[in-house]
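Accompanying notes for the structure given below.
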Amino acid sequence: MNDQNSTAAMKSVFNLNRTEMKVPPRHEDSKGKEWPARRPHFFGTTLSHFFVPSCLRGSTAANLVPILLLFALLAPGLRAQNKTASPPSVINAKGEYDFSAPAGPHHRVVDAVINRVDAQGNAVQVPSHYTAVATGLNYQDTQGQWQASEEKIEPHPEGAAALKGYYKVIFKRNLNQSGAIKLMTPDGVEVKNHPLGLFYVDRQSGDWVKLSGIQDGVGEIVGANQVIYRNVGDSLRMDLRYTFERGQFHADWILRERPPPPSDFGLSADTTLEALTEFVDAPEPQEKSQVVRAESDTTKRGTMSEPDVTDAELDFGGLQMIVGQAYPLADKTGVAVSKQWRQVGTRRLLAERVEAKVLEVMLAQLPAAPAKGQASVKGARVWPAAPTTAGTDSAMQPSTLTDASPGVVLDYTTVSPGSYAGYSFSSGTYCLSNTVNITSGYCDFTPGVVLKFGASGQLLVSNGAAVSGSGASMTCANDDSLGEIISGSTGNPAQVAGPSLWLYYTSGSQTVSSLYFHWFSTALRASANPSSSVVHSSSSCKFFDCGTALNVDTTDYKILTASSPSFCGVWSRPRKIPRLRSSST
């Protein structure tokens with residue numbers, strides 16, 4: 001599909017029209033009533049409109065004075081009562097609404113006083129009330145108090161550890177040992193795993209090739225929240241990189257060399273590249289599989305060992321695995337990685353798989369690996385033995401080494417469920433400093449709510465979750481013109497990376513209606529499995545001061561590049577002179 005046709009198709013599917021563009025309300029309450037932008041300007045010329053009964057409007061000023069004085073005395077109490085009667089709704093661990101707790105694992109209610117300078121140059125203090133939301137935002141300390149999670153990995157007697165988060169991870173110093181990576185949930189569930197190697201598997205014939213096993217490798221702490229084991233492939237140059245985030249854990253196989261093509265081993269074009277990981281001392285996950293690519297040729301299906309590409313959603317009870325991605329390190333634009341969960345006797349194996357033909361363009365940038373003399377193996381699969389190296393536990397050291405050589409990543413992503421049973425953005429202002437994962441249930445928007453995003457904030461709707469509702473505004477955390485002012489806001493809005501809302505390989509089609517996006521490099525993104533049954537659509541969404549309104553990943557197995565289909569429908573809304581400006585102090 002060429003760029004012109006792609007753009008036309010996107011316009012048709014997403015039904016965006018310049019003539020429909022209207023500046024969204026600056027602020028609305030839950031009933032749709034428009035309010036002034038900031039509470040310090042609550043009392044003013046509109047007082048009689050809000051508080052005087054209609055039967056008395058138009059009376060003389062003398063008749064109104066007692067009423068105005070009465071409401072002037074009562075208003076602070078009424079406003080305080082309103083704040084406690086309808087606080088922003090949050091979801092507790094059981095998936096129930098919780099209106100009492102000021103903080104929990106995935107939210108914190110914030111009351112702040114913001115210093116500002118008004119239009120006349122006077123220093124003023126602006127009260128602000130909002131809900132900070134992010135998956136894994138907080139963790140409980142030894143006294144049971146909620147503390148802010150830190151995306152931080154530190155040296156540990158066993159190697160390295162991330163212990164100041166909703167979930168925790170310990171990394172063994174040597175990767176080539178049983179249970180080298182251990183994830184722990186707040187409920188005490190442990191999920192241990194170690195990598196086994198990289199393979200080709202021919203879905204046509206069932207033949208397979210071992211491309212590389214795992215050798216000893218000492219980990220290094222890189223930056224604040226990553227551990228890298230370098231050159232751990234015994235036959236192929238590759239690294240294993242692990243990234244600890246508040247709400248997500250990433251395990252990345254980074255290929256630094258290009259393996260020989262499947263044809264060199266007599267394998268067909270229907271061959272997958274497979275990264276194999278073994279799980280030990282882990283609960284049996286709940287598994288839900290779906291077909292992401294089916295062979296439509298009925299004659300061919302009858303001859304294939306594995307005619308369909310399937311993906312398994314895995315839930316370990318407190319930790320879930322969602323769809324991963326394969327992408328070049330240079331641009332991180334990639335394709336879906338499917339998963340299979342295998343029981344081999346008493347062993348449990350995770351296979352991350354991408355069709356080799358999909359990776360051809362990505363792998364072409366890598367230097368070719370020297371031929372190692374592998375041969376195609378026919379018959380029953382021989383699974384690699386578990387590592388026997390005991391390793392010597394000792395603390396890892398921070399490293400400042402960087403590797404600028406090209407690489408291709410195969411990633412699996414583990415997430416904390418977060419708002420597992422759904423989340424309703426029901427009233428007021430929300431601040432998303434990091435990713436909010438909604439993996440099932442609903443993601444609902446009430447008209448008038450405002451979602452403000454930090455530099456790393458995004459709303460990730462995946463798996464079986466569904467989007468509903470309309471009328472919400474999404475903007476950057478430094479935009480003071482909408483909703484409540486966020487603590488730390490500069491008052492000078494600028495684009496944040498986004499996407500603010502990412503429809504990430506959901507199992508059903510989604511419709512996004514009447515949402516307003518401000519100040520995003522990419523506002524809305526949709527990723528779909530290569531299945532024609534999943535088609536996302538949007539209507540009457542409006543984009544202001546954005547770089548790209550909508551980015552749609554291709555729904556077929558094609559390599560995405562910088563010129564991949566995306567639809568830009570962005571308008572700059574007139575910016576009124578703000579009533580308040582940032583203080584210089």
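In the structure tokens, each chain is lettered A, B, ... as it comes, each chain's residues begin at 1, and ligands are numbered from 1 in order of appearance.
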
Members of region 251-420 of chain A assigned strand (DSSP E) by DSSP, as a PyMOL selection string: chain A and resi 251-255+271-280+286-294+308-315+320-322+324-328+335-344+347-355+398-399+408-415

Backbone DSSP call of alpha helix (DSSP H) for region 323-568 of chain A, listed as a VMD selection string: chain A and resid 356 to 363

Contacts of region 236-250 of chain A at 6 Å (only C-alpha atoms; same-chain gap of 5+ positions) as JSON, numbers by chain: {"A": [135, 136, 151, 212, 225, 226, 227, 228, 229, 230, 231, 255, 256, 257, 412, 413, 414, 415, 416]}

Non-local contacts of region 476-480 of chain A (12 Å; only C-alpha atoms; under 4 positions in same chain excluded) as a ChimeraX atom specification: /A:26-27,37-38,114,116,126,128,130,132,429-434,450-458,484-500,517-523,544-546,575-582

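For the atom pair formed by CA of Gly508 (chain A) and CA of Ala466 (chain A), the distance is 7.6 Å, given to one decimal.
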
Quick one: residues within 9 Å of Glu274 (chain A), only C-alpha atoms, excluding same-chain residues fewer than 2 positions away - as a tab-separated table (two decimals) with N, CA and C atoms, in the first residue's frame?
chain	number	residue	atom	x	y	z
A	197	GLY	N	18.34	-20.86	24.97
A	197	GLY	CA	19.00	-20.75	23.67
A	197	GLY	C	18.09	-20.26	22.58
A	198	LEU	N	18.66	-20.20	21.37
A	198	LEU	CA	17.98	-19.67	20.19
A	198	LEU	C	17.89	-20.76	19.13
A	199	PHE	N	16.71	-20.88	18.47
A	199	PHE	CA	16.45	-22.00	17.56
A	199	PHE	C	15.71	-21.52	16.31
A	200	TYR	N	15.81	-22.31	15.25
A	200	TYR	CA	14.90	-22.26	14.12
A	200	TYR	C	13.94	-23.44	14.24
A	201	VAL	N	12.66	-23.22	13.98
A	201	VAL	CA	11.67	-24.29	13.96
A	201	VAL	C	10.84	-24.15	12.69
A	272	THR	N	10.19	-20.29	11.93
A	272	THR	CA	10.17	-19.26	12.97
A	272	THR	C	11.50	-19.24	13.70
A	276	LEU	N	14.12	-19.52	23.67
A	276	LEU	CA	13.57	-20.47	24.63
A	276	LEU	C	14.04	-20.13	26.04
A	351	ALA	N	8.40	-20.29	24.80
A	351	ALA	CA	8.98	-20.09	23.48
A	351	ALA	C	8.46	-18.78	22.92
A	352	GLU	N	9.36	-17.82	22.68
A	352	GLU	CA	9.01	-16.55	22.02
A	352	GLU	C	9.36	-16.70	20.55
A	353	ARG	N	8.40	-16.41	19.66
A	353	ARG	CA	8.59	-16.78	18.27
A	353	ARG	C	8.20	-15.65	17.32
A	354	VAL	N	9.03	-15.48	16.29
A	354	VAL	CA	8.76	-14.55	15.19
A	354	VAL	C	9.11	-15.27	13.90
A	355	GLU	N	8.27	-15.13	12.88
A	355	GLU	CA	8.58	-15.76	11.61
A	355	GLU	C	9.86	-15.17	11.04

Selected residue, from A:Gln143, A:Tyr504, A:Ala369, A:Lys182, that lies nearest to Leu211 (chain A) when counting only C-alpha atoms: A:Ala369

Identify, on the basis of only C-alpha atoms, every residue whose closest approach to Thr277 (chain A) does not exceed 8 Å; exclude the query and any residue fewer than 2 positions from it along the same chain; express the result as a PDB file with C-alpha atoms, in the first residue's frame.
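The resulting file, around.pdb, is shown below:
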ATOM      1  CA  ASN A 193      13.595 -18.494  35.018  1.00  0.00           C
ATOM      2  CA  HIS A 194      16.763 -18.796  32.935  1.00  0.00           C
ATOM      3  CA  PRO A 195      17.402 -18.638  29.169  1.00  0.00           C
ATOM      4  CA  LEU A 196      18.170 -21.822  27.213  1.00  0.00           C
ATOM      5  CA  GLY A 197      18.997 -20.746  23.673  1.00  0.00           C
ATOM      6  CA  ALA A 275      14.007 -17.838  21.905  1.00  0.00           C
ATOM      7  CA  PHE A 279      10.680 -21.473  34.236  1.00  0.00           C
ATOM      8  CA  LEU A 349       9.290 -23.733  28.768  1.00  0.00           C
ATOM      9  CA  LEU A 350       8.389 -20.388  27.222  1.00  0.00           C
ATOM     10  CA  ALA A 351       8.984 -20.089  23.481  1.00  0.00           C
TER      11      ALA A 351
END

Residues within 7 Å of Ser527 (chain A), only C-alpha atoms, excluding chain neighbours under 3 positions, as number ranges by chain: A: 503-505, 552-553

Those residues with C-alpha atoms, as an mmCIF file, in the first residue's frame please?
data_model
loop_
_atom_site.group_PDB
_atom_site.id
_atom_site.type_symbol
_atom_site.label_atom_id
_atom_site.label_comp_id
_atom_site.auth_asym_id
_atom_site.auth_seq_id
_atom_site.Cartn_x
_atom_site.Cartn_y
_atom_site.Cartn_z
ATOM 1 C CA LEU A 503 -4.390 -0.042 21.893
ATOM 2 C CA TYR A 504 -1.812 -2.795 22.303
ATOM 3 C CA TYR A 505 -2.708 -6.121 20.663
ATOM 4 C CA VAL A 552 -1.363 2.480 13.133
ATOM 5 C CA ASP A 553 0.875 -0.569 13.057
#
